[in-house]
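Asker: File structure32.pdb follows (PDB, C-alpha atoms and all ligand atoms):
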ATOM      1  CA  MET A   1      -5.083   1.849  17.419  1.00  0.00           C
ATOM      2  CA  ASN A   2      -5.455   5.473  16.380  1.00  0.00           C
ATOM      3  CA  ASN A   3      -4.760   7.034  13.048  1.00  0.00           C
ATOM      4  CA  SER A   4      -3.152  10.370  13.620  1.00  0.00           C
ATOM      5  CA  LYS A   5      -2.331  13.417  11.596  1.00  0.00           C
ATOM      6  CA  SER A   6       1.120  14.835  12.067  1.00  0.00           C
ATOM      7  CA  LYS A   7       0.924  18.451  13.133  1.00  0.00           C
ATOM      8  CA  LYS A   8       3.772  19.606  10.973  1.00  0.00           C
ATOM      9  CA  ASP A   9       2.447  18.897   7.506  1.00  0.00           C
ATOM     10  CA  ASN A  10      -0.949  17.381   8.134  1.00  0.00           C
ATOM     11  CA  ILE A  11      -0.078  14.109   6.410  1.00  0.00           C
ATOM     12  CA  GLN A  12      -2.431  11.344   7.422  1.00  0.00           C
ATOM     13  CA  LEU A  13      -0.614   8.343   8.834  1.00  0.00           C
ATOM     14  CA  TYR A  14      -2.343   4.996   8.752  1.00  0.00           C
ATOM     15  CA  SER A  15      -1.909   2.546  11.562  1.00  0.00           C
ATOM     16  CA  TYR A  16      -2.538  -1.161  11.197  1.00  0.00           C
ATOM     17  CA  VAL A  17      -6.241  -2.046  11.396  1.00  0.00           C
ATOM     18  CA  GLY A  18      -6.101  -5.738  10.454  1.00  0.00           C
ATOM     19  CA  SER A  19      -6.276  -8.821  12.639  1.00  0.00           C
ATOM     20  CA  GLN A  20      -4.319  -9.072  15.866  1.00  0.00           C
ATOM     21  CA  GLU A  21      -3.200 -12.563  14.891  1.00  0.00           C
ATOM     22  CA  ILE A  22      -1.374 -11.253  11.820  1.00  0.00           C
ATOM     23  CA  PHE A  23       0.074  -8.366  13.806  1.00  0.00           C
ATOM     24  CA  ASP A  24       1.429 -10.785  16.397  1.00  0.00           C
ATOM     25  CA  SER A  25       3.160 -12.793  13.669  1.00  0.00           C
ATOM     26  CA  VAL A  26       5.147  -9.779  12.445  1.00  0.00           C
ATOM     27  CA  ASP A  27       8.904 -10.031  12.887  1.00  0.00           C
ATOM     28  CA  ILE A  28       9.732  -6.430  13.803  1.00  0.00           C
ATOM     29  CA  ASN A  29      13.385  -7.010  12.991  1.00  0.00           C
ATOM     30  CA  PHE A  30      12.443  -7.407   9.374  1.00  0.00           C
ATOM     31  CA  VAL A  31      11.036  -4.735   7.092  1.00  0.00           C
ATOM     32  CA  GLY A  32      10.733  -4.866   3.327  1.00  0.00           C
ATOM     33  CA  TYR A  33      13.284  -3.605   0.832  1.00  0.00           C
ATOM     34  CA  LYS A  34      13.736   0.136   0.508  1.00  0.00           C
ATOM     35  CA  ILE A  35      13.694   1.340  -3.073  1.00  0.00           C
ATOM     36  CA  SER A  36      15.435   4.626  -3.752  1.00  0.00           C
ATOM     37  CA  LYS A  37      16.402   4.027  -7.362  1.00  0.00           C
ATOM     38  CA  SER A  38      15.174   1.680 -10.063  1.00  0.00           C
ATOM     39  CA  LYS A  39      18.309  -0.469  -9.759  1.00  0.00           C
ATOM     40  CA  ASP A  40      17.170  -1.423  -6.247  1.00  0.00           C
ATOM     41  CA  ILE A  41      14.204  -3.184  -7.834  1.00  0.00           C
ATOM     42  CA  LEU A  42      16.502  -5.405  -9.895  1.00  0.00           C
ATOM     43  CA  ASN A  43      18.559  -6.163  -6.810  1.00  0.00           C
ATOM     44  CA  TRP A  44      15.435  -7.135  -4.896  1.00  0.00           C
ATOM     45  CA  ILE A  45      14.270  -9.419  -7.719  1.00  0.00           C
ATOM     46  CA  GLU A  46      17.653 -11.130  -7.761  1.00  0.00           C
ATOM     47  CA  LYS A  47      18.147 -11.370  -4.004  1.00  0.00           C
ATOM     48  CA  THR A  48      14.710 -12.794  -3.338  1.00  0.00           C
ATOM     49  CA  ALA A  49      14.562 -14.943  -6.498  1.00  0.00           C
ATOM     50  CA  GLN A  50      11.324 -13.383  -7.733  1.00  0.00           C
ATOM     51  CA  GLU A  51       9.824 -14.977 -10.799  1.00  0.00           C
ATOM     52  CA  LEU A  52       8.827 -12.647 -13.603  1.00  0.00           C
ATOM     53  CA  ILE A  53       5.644 -13.293 -15.531  1.00  0.00           C
ATOM     54  CA  ASN A  54       5.410 -11.499 -18.888  1.00  0.00           C
ATOM     55  CA  ASN A  55       8.387  -9.413 -17.763  1.00  0.00           C
ATOM     56  CA  SER A  56       6.321  -8.199 -14.821  1.00  0.00           C
ATOM     57  CA  ILE A  57       6.530  -8.679 -11.105  1.00  0.00           C
ATOM     58  CA  ILE A  58       3.897  -7.753  -8.527  1.00  0.00           C
ATOM     59  CA  ALA A  59       4.944  -6.772  -5.024  1.00  0.00           C
ATOM     60  CA  THR A  60       3.443  -5.565  -1.782  1.00  0.00           C
ATOM     61  CA  PHE A  61       4.380  -1.957  -1.088  1.00  0.00           C
ATOM     62  CA  ILE A  62       4.139   0.581   1.669  1.00  0.00           C
ATOM     63  CA  ILE A  63       5.294   4.182   1.944  1.00  0.00           C
ATOM     64  CA  ASN A  64       6.911   4.496   5.348  1.00  0.00           C
ATOM     65  CA  GLU A  65       6.854   7.517   7.639  1.00  0.00           C
ATOM     66  CA  ASN A  66      10.178   8.642   6.176  1.00  0.00           C
ATOM     67  CA  HIS A  67       8.594   8.881   2.727  1.00  0.00           C
ATOM     68  CA  GLN A  68      10.411   5.844   1.360  1.00  0.00           C
ATOM     69  CA  LEU A  69       9.030   3.198  -0.963  1.00  0.00           C
ATOM     70  CA  VAL A  70       9.376  -0.225   0.687  1.00  0.00           C
ATOM     71  CA  ILE A  71       8.464  -3.441  -1.134  1.00  0.00           C
ATOM     72  CA  ASN A  72       8.221  -7.093  -0.265  1.00  0.00           C
ATOM     73  CA  ASP A  73       6.997 -10.376  -1.717  1.00  0.00           C
ATOM     74  CA  ARG A  74       3.397 -10.022  -2.888  1.00  0.00           C
ATOM     75  CA  HIS A  75       2.263 -12.868  -0.639  1.00  0.00           C
ATOM     76  CA  SER A  76       3.444 -11.089   2.475  1.00  0.00           C
ATOM     77  CA  GLU A  77       1.420  -8.750   4.655  1.00  0.00           C
ATOM     78  CA  HIS A  78       1.738  -4.972   4.433  1.00  0.00           C
ATOM     79  CA  VAL A  79       2.259  -4.789   8.165  1.00  0.00           C
ATOM     80  CA  GLN A  80       5.346  -7.021   7.812  1.00  0.00           C
ATOM     81  CA  CYS A  81       6.661  -4.809   5.016  1.00  0.00           C
ATOM     82  CA  ALA A  82       6.277  -1.883   7.430  1.00  0.00           C
ATOM     83  CA  GLY A  83       7.796  -3.720  10.400  1.00  0.00           C
ATOM     84  CA  GLY A  84       4.538  -3.129  12.289  1.00  0.00           C
ATOM     85  CA  LYS A  85       4.778   0.661  11.955  1.00  0.00           C
ATOM     86  CA  ASN A  86       2.440   3.332  10.593  1.00  0.00           C
ATOM     87  CA  VAL A  87       2.437   4.063   6.872  1.00  0.00           C
ATOM     88  CA  ILE A  88       1.595   6.949   4.550  1.00  0.00           C
ATOM     89  CA  SER A  89       0.126   4.572   1.965  1.00  0.00           C
ATOM     90  CA  ALA A  90       0.093   0.878   1.078  1.00  0.00           C
ATOM     91  CA  GLY A  91      -1.050  -1.395  -1.702  1.00  0.00           C
ATOM     92  CA  GLU A  92       0.154  -3.513  -4.589  1.00  0.00           C
ATOM     93  CA  ILE A  93       2.679  -2.434  -7.174  1.00  0.00           C
ATOM     94  CA  SER A  94       3.651  -4.043 -10.466  1.00  0.00           C
ATOM     95  CA  PHE A  95       6.965  -3.449 -12.193  1.00  0.00           C
ATOM     96  CA  LEU A  96       7.525  -3.991 -15.885  1.00  0.00           C
ATOM     97  CA  ILE A  97      11.111  -4.902 -16.718  1.00  0.00           C
ATOM     98  CA  GLU A  98      11.709  -4.423 -20.422  1.00  0.00           C
ATOM     99  CA  LYS A  99      15.472  -4.210 -20.209  1.00  0.00           C
ATOM    100  CA  LYS A 100      17.972  -4.026 -17.380  1.00  0.00           C
ATOM    101  CA  ASP A 101      17.865  -0.267 -17.625  1.00  0.00           C
ATOM    102  CA  LYS A 102      14.203   0.110 -18.527  1.00  0.00           C
ATOM    103  CA  ILE A 103      11.937  -0.495 -15.587  1.00  0.00           C
ATOM    104  CA  SER A 104       8.535   1.090 -15.158  1.00  0.00           C
ATOM    105  CA  ILE A 105       5.582   0.816 -12.822  1.00  0.00           C
ATOM    106  CA  ASN A 106       2.678  -0.422 -14.908  1.00  0.00           C
ATOM    107  CA  GLU A 107       0.148  -0.941 -12.120  1.00  0.00           C
ATOM    108  CA  ILE A 108      -0.296   0.375  -8.612  1.00  0.00           C
ATOM    109  CA  SER A 109      -3.216   0.241  -6.191  1.00  0.00           C
ATOM    110  CA  ASN A 110      -4.071   1.180  -2.613  1.00  0.00           C
ATOM    111  CA  GLN A 111      -5.360  -2.338  -1.933  1.00  0.00           C
ATOM    112  CA  SER A 112      -4.363  -2.996   1.657  1.00  0.00           C
ATOM    113  CA  THR A 113      -6.969  -4.242   4.089  1.00  0.00           C
ATOM    114  CA  GLY A 114      -4.268  -4.099   6.768  1.00  0.00           C
ATOM    115  CA  TYR A 115      -4.036  -0.303   6.546  1.00  0.00           C
ATOM    116  CA  CYS A 116      -7.059   0.774   4.438  1.00  0.00           C
ATOM    117  CA  PRO A 117      -5.388   3.895   3.039  1.00  0.00           C
ATOM    118  CA  LYS A 118      -7.502   6.484   1.281  1.00  0.00           C
ATOM    119  CA  PRO A 119      -7.161   6.947  -2.481  1.00  0.00           C
ATOM    120  CA  GLU A 120      -6.074  10.506  -1.610  1.00  0.00           C
ATOM    121  CA  SER A 121      -2.806   9.065  -0.263  1.00  0.00           C
ATOM    122  CA  TRP A 122      -1.739   8.995  -3.918  1.00  0.00           C
ATOM    123  CA  LYS A 123      -0.345  12.517  -3.714  1.00  0.00           C
ATOM    124  CA  TYR A 124       2.323  11.317  -1.267  1.00  0.00           C
ATOM    125  CA  VAL A 125       2.973   8.126  -3.215  1.00  0.00           C
ATOM    126  CA  GLU A 126       3.476  10.247  -6.306  1.00  0.00           C
ATOM    127  CA  LYS A 127       6.045  12.453  -4.563  1.00  0.00           C
ATOM    128  CA  VAL A 128       8.045   9.411  -3.503  1.00  0.00           C
ATOM    129  CA  LEU A 129       7.894   7.831  -6.956  1.00  0.00           C
ATOM    130  CA  SER A 130       8.976  11.064  -8.610  1.00  0.00           C
ATOM    131  CA  LYS A 131      12.307  10.805  -6.769  1.00  0.00           C
ATOM    132  CA  ILE A 132      12.990   7.329  -8.135  1.00  0.00           C
ATOM    133  CA  GLU A 133      14.060   7.376 -11.754  1.00  0.00           C
ATOM    134  CA  ILE A 134      11.143   5.385 -13.016  1.00  0.00           C
ATOM    135  CA  GLU A 135       8.026   5.862 -15.127  1.00  0.00           C
ATOM    136  CA  TYR A 136       4.764   5.504 -13.250  1.00  0.00           C
ATOM    137  CA  PRO A 137       1.017   5.979 -13.853  1.00  0.00           C
ATOM    138  CA  ASN A 138      -0.769   9.297 -13.265  1.00  0.00           C
ATOM    139  CA  TYR A 139      -2.841   7.837 -10.470  1.00  0.00           C
ATOM    140  CA  PHE A 140      -3.591   4.506  -8.783  1.00  0.00           C
ATOM    141  CA  THR A 141      -4.526   2.182 -11.648  1.00  0.00           C
ATOM    142  CA  LEU A 142      -6.960   0.658  -9.127  1.00  0.00           C
ATOM    143  CA  ALA A 143      -8.217   2.868  -6.301  1.00  0.00           C
ATOM    144  CA  PHE A 144     -10.284   1.459  -3.469  1.00  0.00           C
ATOM    145  CA  ASP A 145     -12.467   2.959  -0.763  1.00  0.00           C
ATOM    146  CA  PHE A 146     -12.454   1.086   2.532  1.00  0.00           C
ATOM    147  CA  ARG A 147     -15.052   1.360   5.295  1.00  0.00           C
ATOM    148  CA  LEU A 148     -15.328  -0.284   8.669  1.00  0.00           C
ATOM    149  CA  CYS A 149     -18.740  -1.673   9.591  1.00  0.00           C
ATOM    150  CA  THR A 150     -19.590  -0.188  12.981  1.00  0.00           C
ATOM    151  CA  ASN A 151     -21.965  -3.064  13.644  1.00  0.00           C
ATOM    152  CA  CYS A 152     -19.881  -6.197  12.906  1.00  0.00           C
ATOM    153  CA  GLN A 153     -16.362  -4.677  12.480  1.00  0.00           C
ATOM    154  CA  THR A 154     -15.925  -6.110   8.982  1.00  0.00           C
ATOM    155  CA  ILE A 155     -13.569  -4.176   6.733  1.00  0.00           C
ATOM    156  CA  ASN A 156     -15.517  -3.471   3.545  1.00  0.00           C
ATOM    157  CA  LEU A 157     -14.183  -2.648   0.127  1.00  0.00           C
ATOM    158  CA  ILE A 158     -16.734  -0.321  -1.475  1.00  0.00           C
ATOM    159  CA  LYS A 159     -17.903  -1.449  -4.880  1.00  0.00           C
ATOM    160  CA  GLU A 160     -19.994   0.655  -7.230  1.00  0.00           C
ATOM    161  CA  GLN A 161     -20.653   3.208  -4.510  1.00  0.00           C
ATOM    162  CA  VAL A 162     -22.775   0.758  -2.498  1.00  0.00           C
ATOM    163  CA  PHE A 163     -22.248   1.742   1.123  1.00  0.00           C
ATOM    164  CA  GLU A 164     -23.648  -1.372   2.747  1.00  0.00           C
ATOM    165  CA  CYS A 165     -21.791  -3.984   4.813  1.00  0.00           C
ATOM    166  CA  GLN A 166     -21.234  -7.174   2.819  1.00  0.00           C
ATOM    167  CA  MET A 167     -21.611  -9.255   5.990  1.00  0.00           C
ATOM    168  CA  CYS A 168     -24.527  -7.754   7.908  1.00  0.00           C
ATOM    169  CA  GLU A 169     -25.999  -5.199   5.456  1.00  0.00           C
ATOM    170  CA  THR A 170     -25.605  -2.332   7.910  1.00  0.00           C
ATOM    171  CA  GLU A 171     -25.338   1.047   6.226  1.00  0.00           C
ATOM    172  CA  LEU A 172     -21.708   2.197   6.076  1.00  0.00           C
ATOM    173  CA  ASP A 173     -20.306   5.658   6.743  1.00  0.00           C
ATOM    174  CA  LEU A 174     -19.906   7.811   3.674  1.00  0.00           C
ATOM    175  CA  LYS A 175     -16.572   9.025   5.025  1.00  0.00           C
ATOM    176  CA  TRP A 176     -13.420   7.018   5.790  1.00  0.00           C
ATOM    177  CA  ASN A 177     -13.880   5.794   9.368  1.00  0.00           C
ATOM    178  CA  PHE A 178     -10.856   3.872  10.667  1.00  0.00           C
ATOM    179  CA  HIS A 179     -10.182   6.253  13.548  1.00  0.00           C
TER     180      HIS A 179
HETATM  181 ZN    ZN B   1     -21.360  -5.425   9.171  1.00  0.00          ZN
END
Before anything else, please render the file you have as structure tokens.
Ligand SMILES: [Zn+2]
Answerer:
Amino acid sequence: MNNSKSKKDNIQLYSYVGSQEIFDSVDINFVGYKISKSKDILNWIEKTAQELINNSIIATFIINENHQLVINDRHSEHVQCAGGKNVISAGEISFLIEKKDKISINEISNQSTGYCPKPESWKYVEKVLSKIEIEYPNYFTLAFDFRLCTNCQTINLIKEQVFECQMCETELDLKWNFH
């Protein structure tokens, strides 16, 4: 699968890089819930009987190619949330519901080993969030760098700038390499 840049605006799209087995289990007739205003979050919580913990709820999110925020149950795969399609970003998102009319995003990350988006995808996430009437952080509250091991194909999450495969200790590329 190739990651491509769209010619028009040079936005990097991320295609699914996870296991084939998970990809094969995706029901392409189902995508997550599109969120265009904060009320949609309440509707999703109600419809899917999500359980709030400390007034918070964590969900899986993707930004689809149409620049929409799409969320789904946190235990589901990003590729299901995207209906198997390419994304602009992906990760985990946490909503804080203080009152019915006071919802904010208190945490957001790019943690998706299915798509391995760059931290730089934040600028597009931010644009999408700015259109939803909701408070959100200035940047990913947790930002990850992903690298593919060219020796054993393991997807590595870089910790403390150590560019070494956790499985086989092969040196990893300094640049994002899921091409
Ligand atoms: Zn390796």
Asker: Kindly compile the residues surrounding ligand ZN 1 (chain B) within 10 Å, counting all atoms listed in the file, and format them as a count of residues only.
Answerer: 18
Asker: Just the residues within 7 Å of A:Asn110, please, counting all atoms listed in the file, with nothing from its chain fewer than 3 positions along; format it as a VMD selection string.
Answerer: chain A and resid 90 to 92 117 119 143 to 144
Asker: Give me the residues within 9 Å of A:Leu42 as a PyMOL selection string, counting all atoms listed in the file and dropping any in the same chain fewer than 4 places off.
Answerer: chain A and resi 38+46-47+97+100+103
Asker: Calculate how many Å separate atom CA of A:Ile108 from atom CA of A:Leu129, rounding to one decimal.
Answerer: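 Here the two named atoms are 11.2 Å from each other.
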Asker: Residues picked by the PyMOL selection byres (((chain A and resi 141) around 9) and not hetatm) here, as a list in words?
Answerer: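 Written out, the selection comes to Asn106, Glu107, Ile108, Ser109, Pro137, Asn138, Tyr139, Phe140, Leu142 and Ala143 of chain A.
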Asker: Quick one, how far is atom CA of A:Phe163 from atom CA of A:Gln111?
Answerer: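 Those two atoms sit 17.6 Å apart.
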Asker: Which one is closest to A:Ser56: A:Trp44, A:Phe95, A:Trp176, A:Phe146? Count all atoms listed in the file.
Answerer: A:Phe95
Asker: Between A:Ile158, A:Ala59, A:Ile53, A:Val125, which residue has the minimum interatomic distance to A:Asp173, considering all atoms listed in the file?
Answerer: A:Ile158
Asker: Could you please determine the separation between atom CA of A:Ser121 and atom CA of A:Arg147 in Å, to one decimal place?
Answerer: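 Interatomic distance here is 15.5 Å.
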Asker: Run the PyMOL selection byres (((chain A and resi 64) around 8) and not hetatm) against the file shown and list the residues it catches, as a ChimeraX atom specification.
Answerer: /A:62-63,65-70,82,85-89
Asker: Looking at only C-alpha atoms, which of A:Gln50, A:Lys127, A:Gly114, A:Lys34 is the one that sits closest to A:Gln80?
Answerer: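 Of the candidates, the smallest distance to A:Gln80 is held by A:Gly114.
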Asker: Would you mind telling me which residue in A:Ile93, A:Ile105, A:Ile57, A:Val79 lies nearest to A:Tyr14 when using only C-alpha atoms?
Answerer: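 Counting only C-alpha atoms, the residue closest to A:Tyr14 is A:Val79.
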Asker: My list of candidates is A:Ile71, A:Leu13, A:Ile45, A:Leu157. Which is closest to A:Glu120 when distances are computed with all atoms listed in the file?
Answerer: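 With all atoms listed in the file as the atom set, the closest residue is A:Leu13.
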Asker: Determine, counting all atoms listed in the file, which protein, DNA and RNA residues have an atom within 8 Å of an atom of A:Asn72; residues of the same chain fewer than 4 positions away are not included. Present the result as a PyMOL selection string.
Answerer: chain A and resi 32-33+59-61+76+81
Asker: Hey, can you spit out that residue selection with C-alpha atoms as a short mmCIF file (atom, residue, chain, number, x, y, z; two decimals), in the frame of the given file?
Answerer:
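This went into result31.cif:
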data_model
loop_
_atom_site.label_atom_id
_atom_site.label_comp_id
_atom_site.auth_asym_id
_atom_site.auth_seq_id
_atom_site.Cartn_x
_atom_site.Cartn_y
_atom_site.Cartn_z
CA GLY A 32 10.73 -4.87 3.33
CA TYR A 33 13.28 -3.60 0.83
CA ALA A 59 4.94 -6.77 -5.02
CA THR A 60 3.44 -5.56 -1.78
CA PHE A 61 4.38 -1.96 -1.09
CA SER A 76 3.44 -11.09 2.48
CA CYS A 81 6.66 -4.81 5.02
#
Asker: Select, from A:Asn54, A:Tyr115, A:Ser94, A:Asp40, the residue with the minimum atom-to-atom distance to A:His179, counting only C-alpha atoms.
Answerer: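 Among A:Asn54, A:Tyr115, A:Ser94, A:Asp40, it is A:Tyr115 that comes nearest to A:His179.
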Asker: Mind writing stretch 156-167 of chain A to a file for me, with all heavy atoms, as a PDB file, in the first residue's frame?
Answerer:
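In the end it all went to result18.pdb:
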ATOM      1  N   ASN A 156       7.612   0.267  14.926  1.00  0.00           N
ATOM      2  CA  ASN A 156       8.188   0.740  16.189  1.00  0.00           C
ATOM      3  C   ASN A 156       7.642   2.102  16.572  1.00  0.00           C
ATOM      4  O   ASN A 156       7.461   2.973  15.722  1.00  0.00           O
ATOM      5  CB  ASN A 156       9.717   0.874  16.054  1.00  0.00           C
ATOM      6  CG  ASN A 156      10.418  -0.461  16.106  1.00  0.00           C
ATOM      7  OD1 ASN A 156      10.876  -0.893  17.155  1.00  0.00           O
ATOM      8  ND2 ASN A 156      10.511  -1.131  14.958  1.00  0.00           N
ATOM      9  N   LEU A 157       7.428   2.254  17.858  1.00  0.00           N
ATOM     10  CA  LEU A 157       7.069   3.547  18.426  1.00  0.00           C
ATOM     11  C   LEU A 157       8.362   4.074  19.059  1.00  0.00           C
ATOM     12  O   LEU A 157       8.938   3.420  19.932  1.00  0.00           O
ATOM     13  CB  LEU A 157       6.020   3.279  19.506  1.00  0.00           C
ATOM     14  CG  LEU A 157       4.885   4.239  19.649  1.00  0.00           C
ATOM     15  CD1 LEU A 157       3.694   3.521  20.235  1.00  0.00           C
ATOM     16  CD2 LEU A 157       5.316   5.366  20.528  1.00  0.00           C
ATOM     17  N   ILE A 158       8.835   5.199  18.572  1.00  0.00           N
ATOM     18  CA  ILE A 158      10.139   5.716  19.026  1.00  0.00           C
ATOM     19  C   ILE A 158      10.010   6.305  20.424  1.00  0.00           C
ATOM     20  O   ILE A 158       9.171   7.171  20.672  1.00  0.00           O
ATOM     21  CB  ILE A 158      10.670   6.791  18.057  1.00  0.00           C
ATOM     22  CG1 ILE A 158      10.750   6.238  16.632  1.00  0.00           C
ATOM     23  CG2 ILE A 158      12.021   7.342  18.532  1.00  0.00           C
ATOM     24  CD1 ILE A 158      11.679   5.073  16.440  1.00  0.00           C
ATOM     25  N   LYS A 159      10.858   5.824  21.318  1.00  0.00           N
ATOM     26  CA  LYS A 159      10.865   6.359  22.671  1.00  0.00           C
ATOM     27  C   LYS A 159      12.218   6.982  22.966  1.00  0.00           C
ATOM     28  O   LYS A 159      13.249   6.387  22.659  1.00  0.00           O
ATOM     29  CB  LYS A 159      10.572   5.247  23.686  1.00  0.00           C
ATOM     30  CG  LYS A 159       9.124   4.816  23.649  1.00  0.00           C
ATOM     31  CD  LYS A 159       8.861   3.666  24.607  1.00  0.00           C
ATOM     32  CE  LYS A 159       7.459   3.128  24.370  1.00  0.00           C
ATOM     33  NZ  LYS A 159       7.430   1.677  24.244  1.00  0.00           N
ATOM     34  N   GLU A 160      12.189   8.144  23.543  1.00  0.00           N
ATOM     35  CA  GLU A 160      13.415   8.852  23.938  1.00  0.00           C
ATOM     36  C   GLU A 160      14.450   8.923  22.811  1.00  0.00           C
ATOM     37  O   GLU A 160      15.654   8.794  23.041  1.00  0.00           O
ATOM     38  CB  GLU A 160      14.018   8.209  25.204  1.00  0.00           C
ATOM     39  CG  GLU A 160      13.165   8.510  26.423  1.00  0.00           C
ATOM     40  CD  GLU A 160      13.354   7.517  27.552  1.00  0.00           C
ATOM     41  OE1 GLU A 160      14.228   6.636  27.421  1.00  0.00           O
ATOM     42  OE2 GLU A 160      12.637   7.645  28.549  1.00  0.00           O
ATOM     43  N   GLN A 161      13.956   9.104  21.617  1.00  0.00           N
ATOM     44  CA  GLN A 161      14.832   9.316  20.455  1.00  0.00           C
ATOM     45  C   GLN A 161      15.793   8.145  20.205  1.00  0.00           C
ATOM     46  O   GLN A 161      16.884   8.332  19.672  1.00  0.00           O
ATOM     47  CB  GLN A 161      15.622  10.628  20.602  1.00  0.00           C
ATOM     48  CG  GLN A 161      14.741  11.873  20.660  1.00  0.00           C
ATOM     49  CD  GLN A 161      13.892  12.052  19.403  1.00  0.00           C
ATOM     50  OE1 GLN A 161      14.422  12.114  18.307  1.00  0.00           O
ATOM     51  NE2 GLN A 161      12.584  12.107  19.567  1.00  0.00           N
ATOM     52  N   VAL A 162      15.394   6.952  20.638  1.00  0.00           N
ATOM     53  CA  VAL A 162      16.215   5.761  20.367  1.00  0.00           C
ATOM     54  C   VAL A 162      15.682   5.120  19.083  1.00  0.00           C
ATOM     55  O   VAL A 162      14.584   4.561  19.069  1.00  0.00           O
ATOM     56  CB  VAL A 162      16.168   4.759  21.540  1.00  0.00           C
ATOM     57  CG1 VAL A 162      16.988   3.511  21.203  1.00  0.00           C
ATOM     58  CG2 VAL A 162      16.677   5.407  22.818  1.00  0.00           C
ATOM     59  N   PHE A 163      16.492   5.239  18.016  1.00  0.00           N
ATOM     60  CA  PHE A 163      16.068   4.737  16.722  1.00  0.00           C
ATOM     61  C   PHE A 163      16.640   3.340  16.479  1.00  0.00           C
ATOM     62  O   PHE A 163      17.508   3.126  15.636  1.00  0.00           O
ATOM     63  CB  PHE A 163      16.469   5.712  15.610  1.00  0.00           C
ATOM     64  CG  PHE A 163      15.632   6.960  15.625  1.00  0.00           C
ATOM     65  CD1 PHE A 163      15.920   7.999  16.495  1.00  0.00           C
ATOM     66  CD2 PHE A 163      14.531   7.079  14.790  1.00  0.00           C
ATOM     67  CE1 PHE A 163      15.133   9.131  16.528  1.00  0.00           C
ATOM     68  CE2 PHE A 163      13.734   8.214  14.815  1.00  0.00           C
ATOM     69  CZ  PHE A 163      14.030   9.245  15.683  1.00  0.00           C
ATOM     70  N   GLU A 164      16.103   2.397  17.259  1.00  0.00           N
ATOM     71  CA  GLU A 164      16.561   1.017  17.176  1.00  0.00           C
ATOM     72  C   GLU A 164      15.336   0.116  17.291  1.00  0.00           C
ATOM     73  O   GLU A 164      14.473   0.347  18.148  1.00  0.00           O
ATOM     74  CB  GLU A 164      17.535   0.746  18.332  1.00  0.00           C
ATOM     75  CG  GLU A 164      18.231  -0.582  18.256  1.00  0.00           C
ATOM     76  CD  GLU A 164      19.158  -0.793  19.451  1.00  0.00           C
ATOM     77  OE1 GLU A 164      20.309  -0.345  19.381  1.00  0.00           O
ATOM     78  OE2 GLU A 164      18.710  -1.384  20.453  1.00  0.00           O
ATOM     79  N   CYS A 165      15.259  -0.914  16.431  1.00  0.00           N
ATOM     80  CA  CYS A 165      14.085  -1.789  16.449  1.00  0.00           C
ATOM     81  C   CYS A 165      13.995  -2.542  17.779  1.00  0.00           C
ATOM     82  O   CYS A 165      14.959  -3.153  18.233  1.00  0.00           O
ATOM     83  CB  CYS A 165      14.142  -2.780  15.295  1.00  0.00           C
ATOM     84  SG  CYS A 165      12.738  -3.922  15.308  1.00  0.00           S
ATOM     85  N   GLN A 166      12.800  -2.521  18.362  1.00  0.00           N
ATOM     86  CA  GLN A 166      12.602  -3.183  19.661  1.00  0.00           C
ATOM     87  C   GLN A 166      12.649  -4.713  19.543  1.00  0.00           C
ATOM     88  O   GLN A 166      12.881  -5.410  20.519  1.00  0.00           O
ATOM     89  CB  GLN A 166      11.271  -2.741  20.273  1.00  0.00           C
ATOM     90  CG  GLN A 166      10.070  -3.165  19.430  1.00  0.00           C
ATOM     91  CD  GLN A 166       8.831  -2.345  19.687  1.00  0.00           C
ATOM     92  OE1 GLN A 166       8.886  -1.260  20.251  1.00  0.00           O
ATOM     93  NE2 GLN A 166       7.682  -2.875  19.282  1.00  0.00           N
ATOM     94  N   MET A 167      12.443  -5.207  18.311  1.00  0.00           N
ATOM     95  CA  MET A 167      12.441  -6.662  18.110  1.00  0.00           C
ATOM     96  C   MET A 167      13.819  -7.194  17.739  1.00  0.00           C
ATOM     97  O   MET A 167      14.277  -8.181  18.303  1.00  0.00           O
ATOM     98  CB  MET A 167      11.448  -7.042  16.997  1.00  0.00           C
ATOM     99  CG  MET A 167       9.990  -6.813  17.319  1.00  0.00           C
ATOM    100  SD  MET A 167       9.415  -7.715  18.769  1.00  0.00           S
ATOM    101  CE  MET A 167       9.364  -9.377  18.073  1.00  0.00           C
TER     102      MET A 167
END
